[in-house]
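K.L.:
mmCIF, C-alpha atoms, file query_11.cif:
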data_work
#
loop_
_atom_site.label_atom_id
_atom_site.label_comp_id
_atom_site.auth_asym_id
_atom_site.auth_seq_id
_atom_site.Cartn_x
_atom_site.Cartn_y
_atom_site.Cartn_z
CA MET W 1 0.00 0.00 0.00
CA LYS W 2 1.22 3.49 -0.80
CA ILE W 3 0.32 6.29 1.62
CA SER W 4 0.46 9.87 0.34
CA ILE W 5 -0.40 13.02 2.23
CA ILE W 6 -1.99 15.77 0.16
CA ALA W 7 -2.37 19.35 1.44
CA ALA W 8 -2.11 23.04 0.61
CA ILE W 9 0.02 24.90 3.14
CA ASP W 10 1.11 28.50 3.48
CA ARG W 11 4.46 29.90 4.68
CA ARG W 12 3.56 29.14 8.31
CA ARG W 13 2.24 25.66 7.36
CA ALA W 14 -1.32 26.93 7.96
CA ILE W 15 -3.97 24.75 6.29
CA GLY W 16 -7.32 26.14 7.41
CA HIS W 17 -9.52 28.46 9.44
CA ASP W 18 -12.99 27.66 10.77
CA ASN W 19 -12.90 24.32 8.94
CA ARG W 20 -12.34 25.99 5.56
CA LEU W 21 -9.40 26.14 3.19
CA LEU W 22 -7.35 29.32 3.33
CA TYR W 23 -6.91 29.93 -0.39
CA ARG W 24 -9.00 29.49 -3.50
CA LEU W 25 -6.62 27.88 -5.98
CA PRO W 26 -8.44 26.24 -8.91
CA ASN W 27 -5.25 24.54 -10.14
CA ASP W 28 -4.73 23.02 -6.69
CA MET W 29 -8.26 21.59 -6.82
CA LYS W 30 -7.59 20.18 -10.32
CA ARG W 31 -4.36 18.57 -9.11
CA PHE W 32 -6.13 17.14 -6.05
CA LYS W 33 -8.82 15.61 -8.25
CA ALA W 34 -6.32 14.24 -10.78
CA LEU W 35 -4.18 12.61 -8.08
CA THR W 36 -6.93 11.17 -5.89
CA THR W 37 -9.56 10.01 -8.41
CA GLY W 38 -9.73 6.24 -8.51
CA HIS W 39 -7.98 5.92 -5.15
CA THR W 40 -8.82 5.96 -1.44
CA VAL W 41 -9.05 9.22 0.53
CA ILE W 42 -8.90 9.30 4.32
CA MET W 43 -10.05 12.35 6.25
CA GLY W 44 -11.28 13.42 9.64
CA ARG W 45 -14.97 14.01 10.34
CA LYS W 46 -14.68 17.82 10.23
CA THR W 47 -12.95 17.66 6.86
CA PHE W 48 -15.73 15.40 5.56
CA GLU W 49 -18.37 17.81 6.88
CA SER W 50 -16.61 20.70 5.10
CA LEU W 51 -16.96 19.07 1.67
CA PRO W 52 -19.60 21.07 -0.22
CA LYS W 53 -21.18 18.04 -1.93
CA GLY W 54 -20.39 15.31 0.60
CA ALA W 55 -18.37 12.24 -0.30
CA LEU W 56 -15.93 12.76 -3.18
CA PRO W 57 -17.00 10.93 -6.34
CA ASN W 58 -14.94 8.17 -7.93
CA ARG W 59 -12.93 7.59 -4.77
CA ARG W 60 -13.26 5.34 -1.75
CA ASN W 61 -14.04 7.82 1.06
CA ILE W 62 -12.96 6.93 4.59
CA VAL W 63 -13.80 9.16 7.55
CA LEU W 64 -12.10 8.98 10.95
CA SER W 65 -14.22 9.78 13.98
CA SER W 66 -14.13 8.96 17.67
CA ARG W 67 -17.95 9.00 17.69
CA PRO W 68 -19.14 5.39 17.79
CA GLY W 69 -21.89 4.65 15.30
CA LEU W 70 -21.35 7.82 13.25
CA GLN W 71 -22.65 7.51 9.70
CA CYS W 72 -21.36 9.60 6.81
CA GLN W 73 -23.26 9.17 3.54
CA GLY W 74 -21.03 7.73 0.84
CA ALA W 75 -18.16 7.04 3.23
CA GLU W 76 -16.91 4.30 5.50
CA VAL W 77 -16.26 5.38 9.10
CA PHE W 78 -13.46 4.09 11.32
CA THR W 79 -12.44 5.11 14.84
CA SER W 80 -8.69 5.12 14.12
CA LEU W 81 -6.26 5.62 11.28
CA GLU W 82 -4.82 2.18 12.01
CA ALA W 83 -8.23 0.50 11.61
CA ALA W 84 -8.89 2.44 8.41
CA LEU W 85 -5.56 1.40 6.91
CA GLN W 86 -6.14 -2.23 7.92
CA SER W 87 -9.32 -2.14 5.81
CA CYS W 88 -7.31 -1.17 2.74
CA ASP W 89 -5.89 -3.63 0.24
CA LYS W 90 -2.12 -3.82 -0.17
CA SER W 91 -2.51 -2.58 -3.77
CA GLU W 92 -4.44 0.59 -2.79
CA HIS W 93 -2.99 4.07 -3.07
CA VAL W 94 -4.26 5.97 -0.04
CA TYR W 95 -4.33 9.78 0.15
CA ILE W 96 -4.54 11.42 3.56
CA MET W 97 -6.43 14.70 3.07
CA GLY W 98 -6.69 16.22 6.54
CA GLY W 99 -7.30 17.77 8.90
CA GLU W 100 -4.51 18.70 11.25
CA SER W 101 -4.76 15.76 13.67
CA VAL W 102 -5.06 13.22 10.83
CA TYR W 103 -1.97 14.71 9.17
CA ARG W 104 -0.06 14.43 12.48
CA GLN W 105 -1.02 10.77 12.83
CA ALA W 106 -0.19 9.92 9.21
CA LEU W 107 3.12 11.78 8.78
CA PRO W 108 5.28 9.10 10.49
CA ILE W 109 3.92 6.35 8.21
CA ALA W 110 3.48 8.23 4.92
CA ASP W 111 5.54 7.39 1.85
CA GLU W 112 5.18 10.74 0.07
CA LEU W 113 3.87 14.29 0.47
CA CYS W 114 1.99 16.03 -2.36
CA LEU W 115 1.95 19.63 -1.21
CA THR W 116 0.85 22.92 -2.65
CA GLU W 117 3.13 25.46 -1.00
CA VAL W 118 1.43 28.86 -1.09
CA HIS W 119 3.79 31.86 -1.00
CA ALA W 120 1.66 33.85 1.44
CA SER W 121 0.65 33.87 5.10
CA ALA W 122 -3.04 33.72 5.93
CA ALA W 123 -4.32 36.51 8.18
CA GLU W 124 -6.24 33.96 10.23
CA ALA W 125 -5.53 30.26 10.66
CA ASP W 126 -6.42 27.72 13.31
CA ALA W 127 -5.15 24.49 11.72
CA PHE W 128 -1.56 23.75 10.75
CA PHE W 129 0.42 21.07 8.94
CA PRO W 130 3.11 19.34 11.00
CA GLU W 131 6.78 20.28 10.66
CA ILE W 132 8.47 18.65 7.65
CA SER W 133 11.91 17.43 8.72
CA PRO W 134 14.59 17.63 5.99
CA ALA W 135 16.20 14.60 7.65
CA GLU W 136 13.05 12.58 6.88
CA TRP W 137 11.82 14.10 3.59
CA HIS W 138 13.55 14.70 0.27
CA GLU W 139 12.09 17.04 -2.33
CA LYS W 140 11.67 15.09 -5.58
CA GLY W 141 9.89 17.67 -7.70
CA ARG W 142 8.77 21.31 -7.70
CA GLU W 143 6.49 23.07 -10.17
CA PRO W 144 6.25 26.86 -9.60
CA HIS W 145 3.14 28.83 -10.53
CA PRO W 146 3.00 32.65 -10.66
CA VAL W 147 0.05 34.90 -9.88
CA ASP W 148 -2.60 34.94 -12.61
CA GLU W 149 -6.23 35.99 -13.06
CA LYS W 150 -7.49 32.94 -11.11
CA HIS W 151 -4.71 32.67 -8.52
CA LEU W 152 -4.08 35.72 -6.35
CA CYS W 153 -0.78 34.51 -4.91
CA PRO W 154 2.09 32.43 -6.26
CA TYR W 155 2.39 28.77 -5.24
CA ASP W 156 4.42 25.65 -6.01
CA PHE W 157 3.33 22.06 -6.39
CA VAL W 158 5.98 20.18 -4.41
CA ASP W 159 6.38 16.43 -4.05
CA TYR W 160 8.48 14.92 -1.28
CA GLU W 161 9.51 11.33 -0.69
CA ARG W 162 10.59 9.79 2.58
CA VAL W 163 14.38 9.57 2.92
CA LYS W 164 15.45 5.94 2.74
CA SER W 165 17.39 4.90 5.81
#
Do you think you could lay out the structure here as structure tokens?
P.N.:
Amino acid sequence: MKISIIAAIDRRRAIGHDNRLLYRLPNDMKRFKALTTGHTVIMGRKTFESLPKGALPNRRNIVLSSRPGLQCQGAEVFTSLEAALQSCDKSEHVYIMGGESVYRQALPIADELCLTEVHASAAEADAFFPEISPAEWHEKGREPHPVDEKHLCPYDFVDYERVKS
């Protein structure tokens, strides 16, 4: 099984405020869809509840919640990341898509990071991505994007792979 973490982070590693994304980046959404379609996505309950149309189409949706018996339409619910991953087949590509606590749990076991690094700092943020240690992660690709009519700040698509020990 391959475990990838996918997120958009700003200069302070901020990822959200009031359970919403900090930036509107259409190209980031297109990349997210292209990478995750046909695969499994794992998210926390609040992230699931923030999705405008509910479960993401053409993906296996898994929600993590400590609430026993919680039901999320179009998604499977597990009480731990470990239990969710145990339900996955060895051939599955799993994308961890937030929020903060799910990222913290997944970072030590992830194989790669698919980040959108936004060259700005949000005025307000209450959720943050964990520290990325250069001793543990190697940048394998970077694609810079300047400001344009649909993107009000520059950003890079950056892929990291875990350093082999």
K.L.:
With all atoms listed in the file as the basis for distance, which of W:His119, W:Leu81, W:Ala127, W:Pro52 is at the shortest distance from His17 of chain W?
P.N.:
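Result for the nearest residue to His17 of chain W: W:Ala127.
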K.L.:
Counting only C-alpha atoms, what is within 10 Å of Val77 of chain W, bar same-chain residues fewer than 4 positions away, as a PyMOL selection string?
P.N.:
chain W and resi 42-45+61-73+83-84
K.L.:
Could you tell me which residues the PyMOL selection byres ((chain W and resi 1) around 7) returns for this structure, as a PyMOL selection string?
P.N.:
chain W and resi 2-3+89-93
K.L.:
One decimal, in Å: what's the spacing between atom CA of Pro144 of chain W and atom CA of Ile96 of chain W?
P.N.:
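Computing the Euclidean distance for atom CA of Pro144 of chain W and atom CA of Ile96 of chain W yields 23.0 Å.
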K.L.:
Name every residue that the PyMOL selection byres ((chain W and resi 160-164) around 10) selects in this structure, writing the answer as number ranges by chain with chains first and numbers rising.
P.N.:
W: 4-5, 107-115, 132-142, 158-159, 165
K.L.:
List the neighbours of Met29 of chain W out to 12 Å using only C-alpha atoms; skip same-chain residues closer than 5 positions along the sequence, and give me the result as a PyMOL selection string.
P.N.:
chain W and resi 6-8+21+23-24+34-37+115-116+151+157
K.L.:
Would you be able to write out as a ChimeraX atom specification which residues have an atom within 12 Å of (-17.5, 14.4, -7.5) in the file's coordinates, counting all atoms listed in the file?
P.N.:
/W:29-30,32-34,36-38,51-61,74
K.L.:
Create the file for the chosen residues now, containing C-alpha atoms and written as a PDB file, in the coordinates of the input.
P.N.:
ATOM      1  CA  MET W  29      -8.260  21.590  -6.820  1.00  0.00           C
ATOM      2  CA  LYS W  30      -7.590  20.180 -10.320  1.00  0.00           C
ATOM      3  CA  PHE W  32      -6.130  17.140  -6.050  1.00  0.00           C
ATOM      4  CA  LYS W  33      -8.820  15.610  -8.250  1.00  0.00           C
ATOM      5  CA  ALA W  34      -6.320  14.240 -10.780  1.00  0.00           C
ATOM      6  CA  THR W  36      -6.930  11.170  -5.890  1.00  0.00           C
ATOM      7  CA  THR W  37      -9.560  10.010  -8.410  1.00  0.00           C
ATOM      8  CA  GLY W  38      -9.730   6.240  -8.510  1.00  0.00           C
ATOM      9  CA  LEU W  51     -16.960  19.070   1.670  1.00  0.00           C
ATOM     10  CA  PRO W  52     -19.600  21.070  -0.220  1.00  0.00           C
ATOM     11  CA  LYS W  53     -21.180  18.040  -1.930  1.00  0.00           C
ATOM     12  CA  GLY W  54     -20.390  15.310   0.600  1.00  0.00           C
ATOM     13  CA  ALA W  55     -18.370  12.240  -0.300  1.00  0.00           C
ATOM     14  CA  LEU W  56     -15.930  12.760  -3.180  1.00  0.00           C
ATOM     15  CA  PRO W  57     -17.000  10.930  -6.340  1.00  0.00           C
ATOM     16  CA  ASN W  58     -14.940   8.170  -7.930  1.00  0.00           C
ATOM     17  CA  ARG W  59     -12.930   7.590  -4.770  1.00  0.00           C
ATOM     18  CA  ARG W  60     -13.260   5.340  -1.750  1.00  0.00           C
ATOM     19  CA  ASN W  61     -14.040   7.820   1.060  1.00  0.00           C
ATOM     20  CA  GLY W  74     -21.030   7.730   0.840  1.00  0.00           C
TER      21      GLY W  74
END
K.L.:
Determine, counting all atoms listed in the file, which protein, DNA and RNA residues have an atom within 12 Å of an atom of Leu152 of chain W; residues of the same chain fewer than 5 positions away are not included. Present the result as a list in words.
P.N.:
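With the cut-off at 12 Å, the set is Tyr23, Arg24, Leu25, Pro26, Asn27, Val118, His119, Ala120, His145, Pro146 and Val147 of chain W.
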K.L.:
Quick check, in Å to one decimal: how far apart do atom CA of Asp126 of chain W and atom CA of Pro154 of chain W lie?
P.N.:
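Separation between atom CA of Asp126 of chain W and atom CA of Pro154 of chain W: 21.9 Å.
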K.L.:
Pick out the closest residue to Val94 of chain W from this set: W:Ala122, W:Ala75, W:Ala106, W:Ile9. Count all atoms listed in the file.
P.N.:
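Closest candidate: W:Ala106.
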K.L.:
Quick one: pull the distance between atom CA of Val41 of chain W and atom CA of Leu85 of chain W, Å, one decimal.
P.N.:
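Between atom CA of Val41 of chain W and atom CA of Leu85 of chain W the gap is 10.7 Å.
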K.L.:
Which one is closest to Lys46 of chain W: W:Cys153, W:Ala123, W:Met97, W:Cys88? Count all atoms listed in the file.
P.N.:
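For Lys46 of chain W, the nearest of the given residues is W:Met97.
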K.L.:
Of the candidates W:Glu49, W:Glu82, W:Glu76, W:Asp156, which one gets nearest to Arg11 of chain W if we count only C-alpha atoms?
P.N.:
W:Asp156
K.L.:
From the options W:Glu117, W:Glu149, W:Ser87, W:Ser80, which residue's atoms come nearest to Ser101 of chain W, counting all atoms listed in the file?
P.N.:
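For Ser101 of chain W, the nearest of the candidates is W:Ser80.
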K.L.:
Let me know the centre plus edge lengths, in Å and rounded to one decimal, of a box with edges along x, y and z that contains all listed atoms of segment 122-141 of chain W and is padded by 5 Å on every side, as JSON.
P.N.:
{"center_x": 4.9, "center_y": 24.5, "center_z": 2.8, "size_x": 32.6, "size_y": 33.9, "size_z": 31.0}
K.L.:
Hey, which of W:Ser121, W:Phe128, W:Tyr155, W:Lys150 ends up closest to Ile15 of chain W? Count all atoms listed in the file.
P.N.:
W:Phe128
